[in-house]
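Chemist: My structure is in my_file.cif, and what it holds is mmCIF, N, CA and C atoms:
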```cif
data_protein
loop_
_atom_site.label_atom_id
_atom_site.label_comp_id
_atom_site.auth_asym_id
_atom_site.auth_seq_id
_atom_site.Cartn_x
_atom_site.Cartn_y
_atom_site.Cartn_z
N MET A 1 -2.54 6.89 -9.26
CA MET A 1 -2.58 5.47 -9.58
C MET A 1 -3.03 4.69 -8.35
N ASN A 2 -3.92 3.72 -8.56
CA ASN A 2 -4.38 2.93 -7.42
C ASN A 2 -3.38 1.81 -7.12
N GLY A 3 -3.56 1.14 -6.01
CA GLY A 3 -2.60 0.14 -5.57
C GLY A 3 -3.11 -1.28 -5.70
N GLN A 4 -3.85 -1.57 -6.78
CA GLN A 4 -4.44 -2.89 -6.93
C GLN A 4 -3.55 -3.88 -7.67
N ASN A 5 -2.58 -3.38 -8.45
CA ASN A 5 -1.70 -4.26 -9.21
C ASN A 5 -0.33 -4.37 -8.54
N ARG A 6 0.06 -5.60 -8.24
CA ARG A 6 1.32 -5.84 -7.55
C ARG A 6 2.52 -5.33 -8.35
N SER A 7 2.41 -5.38 -9.70
CA SER A 7 3.52 -4.98 -10.56
C SER A 7 3.83 -3.48 -10.46
N ASP A 8 2.87 -2.68 -9.96
CA ASP A 8 3.07 -1.23 -9.83
C ASP A 8 3.77 -0.84 -8.53
N ILE A 9 3.93 -1.81 -7.62
CA ILE A 9 4.40 -1.51 -6.27
C ILE A 9 5.73 -2.21 -6.01
N TYR A 10 6.67 -1.50 -5.41
CA TYR A 10 7.99 -2.06 -5.13
C TYR A 10 8.59 -1.34 -3.92
N PRO A 11 9.57 -1.98 -3.25
CA PRO A 11 10.21 -1.35 -2.09
C PRO A 11 10.81 0.01 -2.45
N GLY A 12 10.63 0.98 -1.57
CA GLY A 12 11.15 2.32 -1.79
C GLY A 12 10.13 3.27 -2.37
N LEU A 13 8.97 2.75 -2.77
CA LEU A 13 7.91 3.57 -3.36
C LEU A 13 7.14 4.30 -2.26
N GLU A 14 6.79 5.57 -2.50
CA GLU A 14 5.98 6.32 -1.53
C GLU A 14 4.50 6.09 -1.85
N VAL A 15 3.74 5.67 -0.83
CA VAL A 15 2.33 5.32 -1.02
C VAL A 15 1.48 5.83 0.14
N ASP A 16 0.18 5.91 -0.10
CA ASP A 16 -0.81 6.09 0.96
C ASP A 16 -1.46 4.74 1.17
N ILE A 17 -1.54 4.29 2.43
CA ILE A 17 -2.18 3.02 2.74
C ILE A 17 -3.35 3.25 3.69
N ILE A 18 -4.25 2.28 3.73
CA ILE A 18 -5.33 2.26 4.71
C ILE A 18 -5.01 1.16 5.70
N LEU A 19 -4.80 1.54 6.97
CA LEU A 19 -4.54 0.56 8.02
C LEU A 19 -5.84 -0.17 8.35
N LYS A 20 -5.72 -1.38 8.90
CA LYS A 20 -6.90 -2.17 9.28
C LYS A 20 -7.84 -1.36 10.18
N LYS A 21 -7.28 -0.67 11.16
CA LYS A 21 -8.10 0.09 12.11
C LYS A 21 -8.77 1.30 11.47
N ASP A 22 -8.29 1.73 10.30
CA ASP A 22 -8.83 2.92 9.63
C ASP A 22 -9.74 2.57 8.45
N GLN A 23 -10.07 1.28 8.27
CA GLN A 23 -10.87 0.89 7.11
C GLN A 23 -12.25 1.55 7.09
N ARG A 24 -12.87 1.72 8.27
CA ARG A 24 -14.20 2.34 8.32
C ARG A 24 -14.12 3.82 7.99
N SER A 25 -13.13 4.52 8.53
CA SER A 25 -13.04 5.96 8.33
C SER A 25 -12.39 6.31 6.99
N GLY A 26 -11.57 5.40 6.45
CA GLY A 26 -10.88 5.67 5.20
C GLY A 26 -9.65 6.55 5.36
N LYS A 27 -9.21 6.74 6.61
CA LYS A 27 -8.03 7.58 6.89
C LYS A 27 -6.79 6.96 6.24
N LEU A 28 -6.02 7.79 5.55
CA LEU A 28 -4.82 7.33 4.85
C LEU A 28 -3.57 7.59 5.67
N THR A 29 -2.61 6.71 5.54
CA THR A 29 -1.31 6.84 6.19
C THR A 29 -0.25 6.80 5.10
N ARG A 30 0.62 7.81 5.07
CA ARG A 30 1.65 7.88 4.03
C ARG A 30 2.94 7.27 4.53
N GLY A 31 3.64 6.58 3.64
CA GLY A 31 4.92 6.00 4.01
C GLY A 31 5.63 5.40 2.82
N ILE A 32 6.78 4.82 3.10
CA ILE A 32 7.62 4.18 2.08
C ILE A 32 7.50 2.66 2.21
N VAL A 33 7.25 1.99 1.08
CA VAL A 33 7.09 0.53 1.08
C VAL A 33 8.40 -0.16 1.45
N LYS A 34 8.30 -1.10 2.40
CA LYS A 34 9.45 -1.93 2.76
C LYS A 34 9.28 -3.34 2.17
N ASP A 35 8.10 -3.95 2.40
CA ASP A 35 7.84 -5.31 1.92
C ASP A 35 6.45 -5.38 1.30
N LEU A 36 6.29 -6.24 0.27
CA LEU A 36 4.98 -6.55 -0.28
C LEU A 36 4.50 -7.83 0.38
N LEU A 37 3.29 -7.80 0.94
CA LEU A 37 2.77 -8.94 1.68
C LEU A 37 1.73 -9.74 0.89
N THR A 38 1.16 -9.15 -0.15
CA THR A 38 0.21 -9.86 -1.01
C THR A 38 0.99 -10.56 -2.11
N SER A 39 0.75 -11.87 -2.27
CA SER A 39 1.50 -12.62 -3.29
C SER A 39 0.81 -12.62 -4.65
N SER A 40 -0.52 -12.39 -4.68
CA SER A 40 -1.22 -12.42 -5.96
C SER A 40 -0.92 -11.15 -6.77
N ALA A 41 -1.09 -11.23 -8.08
CA ALA A 41 -0.76 -10.12 -8.97
C ALA A 41 -1.74 -8.96 -8.86
N TYR A 42 -2.97 -9.25 -8.38
CA TYR A 42 -4.02 -8.23 -8.30
C TYR A 42 -4.85 -8.45 -7.04
N HIS A 43 -5.25 -7.36 -6.40
CA HIS A 43 -6.17 -7.47 -5.27
C HIS A 43 -7.14 -6.30 -5.35
N SER A 44 -8.45 -6.60 -5.30
CA SER A 44 -9.48 -5.57 -5.51
C SER A 44 -9.45 -4.46 -4.46
N ARG A 45 -9.04 -4.77 -3.22
CA ARG A 45 -9.01 -3.75 -2.17
C ARG A 45 -7.63 -3.13 -2.00
N GLY A 46 -6.66 -3.55 -2.80
CA GLY A 46 -5.31 -3.00 -2.71
C GLY A 46 -4.31 -4.02 -2.24
N ILE A 47 -3.09 -3.91 -2.73
CA ILE A 47 -2.01 -4.81 -2.34
C ILE A 47 -1.59 -4.50 -0.91
N LYS A 48 -1.46 -5.52 -0.09
CA LYS A 48 -1.05 -5.32 1.31
C LYS A 48 0.46 -5.17 1.37
N VAL A 49 0.93 -4.14 2.08
CA VAL A 49 2.36 -3.85 2.19
C VAL A 49 2.73 -3.55 3.64
N ARG A 50 4.02 -3.65 3.94
CA ARG A 50 4.57 -3.19 5.21
C ARG A 50 5.41 -1.96 4.89
N LEU A 51 5.17 -0.89 5.64
CA LEU A 51 5.96 0.34 5.45
C LEU A 51 7.26 0.23 6.22
N GLU A 52 8.20 1.14 5.95
CA GLU A 52 9.50 1.12 6.62
C GLU A 52 9.36 1.32 8.13
N ASP A 53 8.28 1.99 8.57
CA ASP A 53 8.08 2.17 10.02
C ASP A 53 7.35 1.00 10.67
N GLY A 54 7.05 -0.06 9.89
CA GLY A 54 6.47 -1.27 10.44
C GLY A 54 4.95 -1.37 10.32
N GLN A 55 4.29 -0.30 9.91
CA GLN A 55 2.83 -0.35 9.78
C GLN A 55 2.44 -1.18 8.55
N VAL A 56 1.32 -1.91 8.68
CA VAL A 56 0.83 -2.77 7.61
C VAL A 56 -0.55 -2.32 7.18
N GLY A 57 -0.75 -2.23 5.86
CA GLY A 57 -2.06 -1.86 5.34
C GLY A 57 -2.12 -2.09 3.84
N ARG A 58 -3.27 -1.78 3.28
CA ARG A 58 -3.47 -1.95 1.84
C ARG A 58 -3.24 -0.62 1.11
N VAL A 59 -2.55 -0.69 -0.03
CA VAL A 59 -2.23 0.51 -0.79
C VAL A 59 -3.51 1.10 -1.38
N ALA A 60 -3.77 2.37 -1.06
CA ALA A 60 -4.92 3.09 -1.60
C ALA A 60 -4.49 3.96 -2.77
N GLU A 61 -3.29 4.51 -2.69
CA GLU A 61 -2.81 5.45 -3.70
C GLU A 61 -1.30 5.39 -3.79
N ILE A 62 -0.78 5.44 -5.01
CA ILE A 62 0.66 5.50 -5.22
C ILE A 62 1.03 6.97 -5.43
N ILE A 63 1.97 7.46 -4.62
CA ILE A 63 2.35 8.88 -4.65
C ILE A 63 3.53 9.10 -5.60
N ASP A 64 4.54 8.27 -5.45
CA ASP A 64 5.82 8.45 -6.11
C ASP A 64 5.85 7.67 -7.43
N GLU A 65 5.62 8.33 -8.55
CA GLU A 65 5.64 7.64 -9.85
C GLU A 65 6.88 8.05 -10.62
N GLU A 66 7.77 7.11 -10.83
CA GLU A 66 9.01 7.42 -11.57
C GLU A 66 8.93 6.84 -12.95
#
```
Would you mind writing the structure in this file as structure tokens?
Modeler:
Amino acid sequence: MNGQNRSDIYPGLEVDIILKKDQRSGKLTRGIVKDLLTSSAYHSRGIKVRLEDGQVGRVAEIIDEE
């Protein structure tokens, strides 16, 4: 599942994000969502989140689907 819809993402979810510095390479960083930073319901490049370790990026892929 992609990370473009805010309704699909919530704190505690495991996701792969693309950090700002990795946008050119497309390198993914895996982590657990702590906060949602995008307020709109949809974002074409992915909803921006903060992971529990403090890293911020856009959700590329949702790992944990319950």
Chemist: Evaluated on this file, the PyMOL selection byres ((chain A and resi 28) around 8) picks out some residues - which ones are they, written as a PDB file with N, CA and C atoms, in the frame of the given file?
Modeler:
```pdb
ATOM      1  N   VAL A  15       3.740   5.670  -0.830  1.00  0.00           N
ATOM      2  CA  VAL A  15       2.330   5.320  -1.020  1.00  0.00           C
ATOM      3  C   VAL A  15       1.480   5.830   0.140  1.00  0.00           C
ATOM      4  N   ASP A  16       0.180   5.910  -0.100  1.00  0.00           N
ATOM      5  CA  ASP A  16      -0.810   6.090   0.960  1.00  0.00           C
ATOM      6  C   ASP A  16      -1.460   4.740   1.170  1.00  0.00           C
ATOM      7  N   ILE A  17      -1.540   4.290   2.430  1.00  0.00           N
ATOM      8  CA  ILE A  17      -2.180   3.020   2.740  1.00  0.00           C
ATOM      9  C   ILE A  17      -3.350   3.250   3.690  1.00  0.00           C
ATOM     10  N   ILE A  18      -4.250   2.280   3.730  1.00  0.00           N
ATOM     11  CA  ILE A  18      -5.330   2.260   4.710  1.00  0.00           C
ATOM     12  C   ILE A  18      -5.010   1.160   5.700  1.00  0.00           C
ATOM     13  N   LEU A  19      -4.800   1.540   6.970  1.00  0.00           N
ATOM     14  CA  LEU A  19      -4.540   0.560   8.020  1.00  0.00           C
ATOM     15  C   LEU A  19      -5.840  -0.170   8.350  1.00  0.00           C
ATOM     16  N   ASP A  22      -8.290   1.730  10.300  1.00  0.00           N
ATOM     17  CA  ASP A  22      -8.830   2.920   9.630  1.00  0.00           C
ATOM     18  C   ASP A  22      -9.740   2.570   8.450  1.00  0.00           C
ATOM     19  N   SER A  25     -13.130   4.520   8.530  1.00  0.00           N
ATOM     20  CA  SER A  25     -13.040   5.960   8.330  1.00  0.00           C
ATOM     21  C   SER A  25     -12.390   6.310   6.990  1.00  0.00           C
ATOM     22  N   GLY A  26     -11.570   5.400   6.450  1.00  0.00           N
ATOM     23  CA  GLY A  26     -10.880   5.670   5.200  1.00  0.00           C
ATOM     24  C   GLY A  26      -9.650   6.550   5.360  1.00  0.00           C
ATOM     25  N   LYS A  27      -9.210   6.740   6.610  1.00  0.00           N
ATOM     26  CA  LYS A  27      -8.030   7.580   6.890  1.00  0.00           C
ATOM     27  C   LYS A  27      -6.790   6.960   6.240  1.00  0.00           C
ATOM     28  N   THR A  29      -2.610   6.710   5.540  1.00  0.00           N
ATOM     29  CA  THR A  29      -1.310   6.840   6.190  1.00  0.00           C
ATOM     30  C   THR A  29      -0.250   6.800   5.100  1.00  0.00           C
ATOM     31  N   ARG A  30       0.620   7.810   5.070  1.00  0.00           N
ATOM     32  CA  ARG A  30       1.650   7.880   4.030  1.00  0.00           C
ATOM     33  C   ARG A  30       2.940   7.270   4.530  1.00  0.00           C
ATOM     34  N   GLY A  31       3.640   6.580   3.640  1.00  0.00           N
ATOM     35  CA  GLY A  31       4.920   6.000   4.010  1.00  0.00           C
ATOM     36  C   GLY A  31       5.630   5.400   2.820  1.00  0.00           C
ATOM     37  N   ALA A  60      -3.770   2.370  -1.060  1.00  0.00           N
ATOM     38  CA  ALA A  60      -4.920   3.090  -1.600  1.00  0.00           C
ATOM     39  C   ALA A  60      -4.490   3.960  -2.770  1.00  0.00           C
TER      40      ALA A  60
END
```
Chemist: Please write as a list of chain:residue names the full residue list that the PyMOL selection byres (((chain A and resi 35 and name CA) around 10) and name CA) yields on this file.
Modeler: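 Matching residues under the PyMOL selection byres (((chain A and resi 35 and name CA) around 10) and name CA) are A:Ile9, A:Tyr10, A:Pro11, A:Gly12, A:Ile32, A:Val33, A:Lys34, A:Leu36, A:Leu37, A:Thr38, A:Lys48, A:Val49, A:Arg50, A:Leu51, A:Glu52, A:Gly54, A:Val56.
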Chemist: Let me make sure I understand: among A:Arg6, A:Ile63, A:Arg58, A:Lys21, which one has the smallest atom-to-atom distance to A:Arg45 if we use only C-alpha atoms?
Modeler: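 Nearest candidate to A:Arg45 out of A:Arg6, A:Ile63, A:Arg58, A:Lys21: A:Arg58.
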Chemist: What is the atom C of A:Glu61 to atom C of A:Ser39 distance in Å?
Modeler: 18.2 Å
Chemist: For atom CA of A:Ile47 and atom CA of A:Lys20, quote the distance in Å rounded to one decimal.
Modeler: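 Separation between atom CA of A:Ile47 and atom CA of A:Lys20: 12.9 Å.
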Chemist: Within 6 Å of (-2.6, 4.9, -8.0), only C-alpha atoms: residues as a list in words?
Modeler: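 All residues meeting the 6 Å criterion around (-2.6, 4.9, -8.0) are Met1, Asn2, Gly3, Glu61 and Ile62 of chain A.
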Chemist: Can you measure atom C of A:Gly57 to atom CA of A:Leu13 for me? One decimal in Å is fine.
Modeler: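 If I compute the distance from atom C of A:Gly57 to atom CA of A:Leu13, I get 13.6 Å.
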Chemist: Per DSSP on the backbone, filter chain A down to the residues in helix (DSSP H, G or I) and report them as a PyMOL selection string.
Modeler: chain A and resi 6-8+20-22
Chemist: Would you give me, as a VMD selection string, the residues in chain A that DSSP reads as strand (DSSP E or B)?
Modeler: chain A and resid 5 14 to 19 29 to 36 42 48 to 51 56 to 62
Chemist: Please save N, CA and C atoms of the selected residues as a PDB file, keeping the file's coordinate frame.
Modeler:
```
ATOM      1  N   ASN A   5      -2.580  -3.380  -8.450  1.00  0.00           N
ATOM      2  CA  ASN A   5      -1.700  -4.260  -9.210  1.00  0.00           C
ATOM      3  C   ASN A   5      -0.330  -4.370  -8.540  1.00  0.00           C
ATOM      4  N   GLU A  14       6.790   5.570  -2.500  1.00  0.00           N
ATOM      5  CA  GLU A  14       5.980   6.320  -1.530  1.00  0.00           C
ATOM      6  C   GLU A  14       4.500   6.090  -1.850  1.00  0.00           C
ATOM      7  N   VAL A  15       3.740   5.670  -0.830  1.00  0.00           N
ATOM      8  CA  VAL A  15       2.330   5.320  -1.020  1.00  0.00           C
ATOM      9  C   VAL A  15       1.480   5.830   0.140  1.00  0.00           C
ATOM     10  N   ASP A  16       0.180   5.910  -0.100  1.00  0.00           N
ATOM     11  CA  ASP A  16      -0.810   6.090   0.960  1.00  0.00           C
ATOM     12  C   ASP A  16      -1.460   4.740   1.170  1.00  0.00           C
ATOM     13  N   ILE A  17      -1.540   4.290   2.430  1.00  0.00           N
ATOM     14  CA  ILE A  17      -2.180   3.020   2.740  1.00  0.00           C
ATOM     15  C   ILE A  17      -3.350   3.250   3.690  1.00  0.00           C
ATOM     16  N   ILE A  18      -4.250   2.280   3.730  1.00  0.00           N
ATOM     17  CA  ILE A  18      -5.330   2.260   4.710  1.00  0.00           C
ATOM     18  C   ILE A  18      -5.010   1.160   5.700  1.00  0.00           C
ATOM     19  N   LEU A  19      -4.800   1.540   6.970  1.00  0.00           N
ATOM     20  CA  LEU A  19      -4.540   0.560   8.020  1.00  0.00           C
ATOM     21  C   LEU A  19      -5.840  -0.170   8.350  1.00  0.00           C
ATOM     22  N   THR A  29      -2.610   6.710   5.540  1.00  0.00           N
ATOM     23  CA  THR A  29      -1.310   6.840   6.190  1.00  0.00           C
ATOM     24  C   THR A  29      -0.250   6.800   5.100  1.00  0.00           C
ATOM     25  N   ARG A  30       0.620   7.810   5.070  1.00  0.00           N
ATOM     26  CA  ARG A  30       1.650   7.880   4.030  1.00  0.00           C
ATOM     27  C   ARG A  30       2.940   7.270   4.530  1.00  0.00           C
ATOM     28  N   GLY A  31       3.640   6.580   3.640  1.00  0.00           N
ATOM     29  CA  GLY A  31       4.920   6.000   4.010  1.00  0.00           C
ATOM     30  C   GLY A  31       5.630   5.400   2.820  1.00  0.00           C
ATOM     31  N   ILE A  32       6.780   4.820   3.100  1.00  0.00           N
ATOM     32  CA  ILE A  32       7.620   4.180   2.080  1.00  0.00           C
ATOM     33  C   ILE A  32       7.500   2.660   2.210  1.00  0.00           C
ATOM     34  N   VAL A  33       7.250   1.990   1.080  1.00  0.00           N
ATOM     35  CA  VAL A  33       7.090   0.530   1.080  1.00  0.00           C
ATOM     36  C   VAL A  33       8.400  -0.160   1.450  1.00  0.00           C
ATOM     37  N   LYS A  34       8.300  -1.100   2.400  1.00  0.00           N
ATOM     38  CA  LYS A  34       9.450  -1.930   2.760  1.00  0.00           C
ATOM     39  C   LYS A  34       9.280  -3.340   2.170  1.00  0.00           C
ATOM     40  N   ASP A  35       8.100  -3.950   2.400  1.00  0.00           N
ATOM     41  CA  ASP A  35       7.840  -5.310   1.920  1.00  0.00           C
ATOM     42  C   ASP A  35       6.450  -5.380   1.300  1.00  0.00           C
ATOM     43  N   LEU A  36       6.290  -6.240   0.270  1.00  0.00           N
ATOM     44  CA  LEU A  36       4.980  -6.550  -0.280  1.00  0.00           C
ATOM     45  C   LEU A  36       4.500  -7.830   0.380  1.00  0.00           C
ATOM     46  N   TYR A  42      -2.970  -9.250  -8.380  1.00  0.00           N
ATOM     47  CA  TYR A  42      -4.020  -8.230  -8.300  1.00  0.00           C
ATOM     48  C   TYR A  42      -4.850  -8.450  -7.040  1.00  0.00           C
ATOM     49  N   LYS A  48      -1.460  -5.520  -0.090  1.00  0.00           N
ATOM     50  CA  LYS A  48      -1.050  -5.320   1.310  1.00  0.00           C
ATOM     51  C   LYS A  48       0.460  -5.170   1.370  1.00  0.00           C
ATOM     52  N   VAL A  49       0.930  -4.140   2.080  1.00  0.00           N
ATOM     53  CA  VAL A  49       2.360  -3.850   2.190  1.00  0.00           C
ATOM     54  C   VAL A  49       2.730  -3.550   3.640  1.00  0.00           C
ATOM     55  N   ARG A  50       4.020  -3.650   3.940  1.00  0.00           N
ATOM     56  CA  ARG A  50       4.570  -3.190   5.210  1.00  0.00           C
ATOM     57  C   ARG A  50       5.410  -1.960   4.890  1.00  0.00           C
ATOM     58  N   LEU A  51       5.170  -0.890   5.640  1.00  0.00           N
ATOM     59  CA  LEU A  51       5.960   0.340   5.450  1.00  0.00           C
ATOM     60  C   LEU A  51       7.260   0.230   6.220  1.00  0.00           C
ATOM     61  N   VAL A  56       1.320  -1.910   8.680  1.00  0.00           N
ATOM     62  CA  VAL A  56       0.830  -2.770   7.610  1.00  0.00           C
ATOM     63  C   VAL A  56      -0.550  -2.320   7.180  1.00  0.00           C
ATOM     64  N   GLY A  57      -0.750  -2.230   5.860  1.00  0.00           N
ATOM     65  CA  GLY A  57      -2.060  -1.860   5.340  1.00  0.00           C
ATOM     66  C   GLY A  57      -2.120  -2.090   3.840  1.00  0.00           C
ATOM     67  N   ARG A  58      -3.270  -1.780   3.280  1.00  0.00           N
ATOM     68  CA  ARG A  58      -3.470  -1.950   1.840  1.00  0.00           C
ATOM     69  C   ARG A  58      -3.240  -0.620   1.110  1.00  0.00           C
ATOM     70  N   VAL A  59      -2.550  -0.690  -0.030  1.00  0.00           N
ATOM     71  CA  VAL A  59      -2.230   0.510  -0.790  1.00  0.00           C
ATOM     72  C   VAL A  59      -3.510   1.100  -1.380  1.00  0.00           C
ATOM     73  N   ALA A  60      -3.770   2.370  -1.060  1.00  0.00           N
ATOM     74  CA  ALA A  60      -4.920   3.090  -1.600  1.00  0.00           C
ATOM     75  C   ALA A  60      -4.490   3.960  -2.770  1.00  0.00           C
ATOM     76  N   GLU A  61      -3.290   4.510  -2.690  1.00  0.00           N
ATOM     77  CA  GLU A  61      -2.810   5.450  -3.700  1.00  0.00           C
ATOM     78  C   GLU A  61      -1.300   5.390  -3.790  1.00  0.00           C
ATOM     79  N   ILE A  62      -0.780   5.440  -5.010  1.00  0.00           N
ATOM     80  CA  ILE A  62       0.660   5.500  -5.220  1.00  0.00           C
ATOM     81  C   ILE A  62       1.030   6.970  -5.430  1.00  0.00           C
TER      82      ILE A  62
END
```
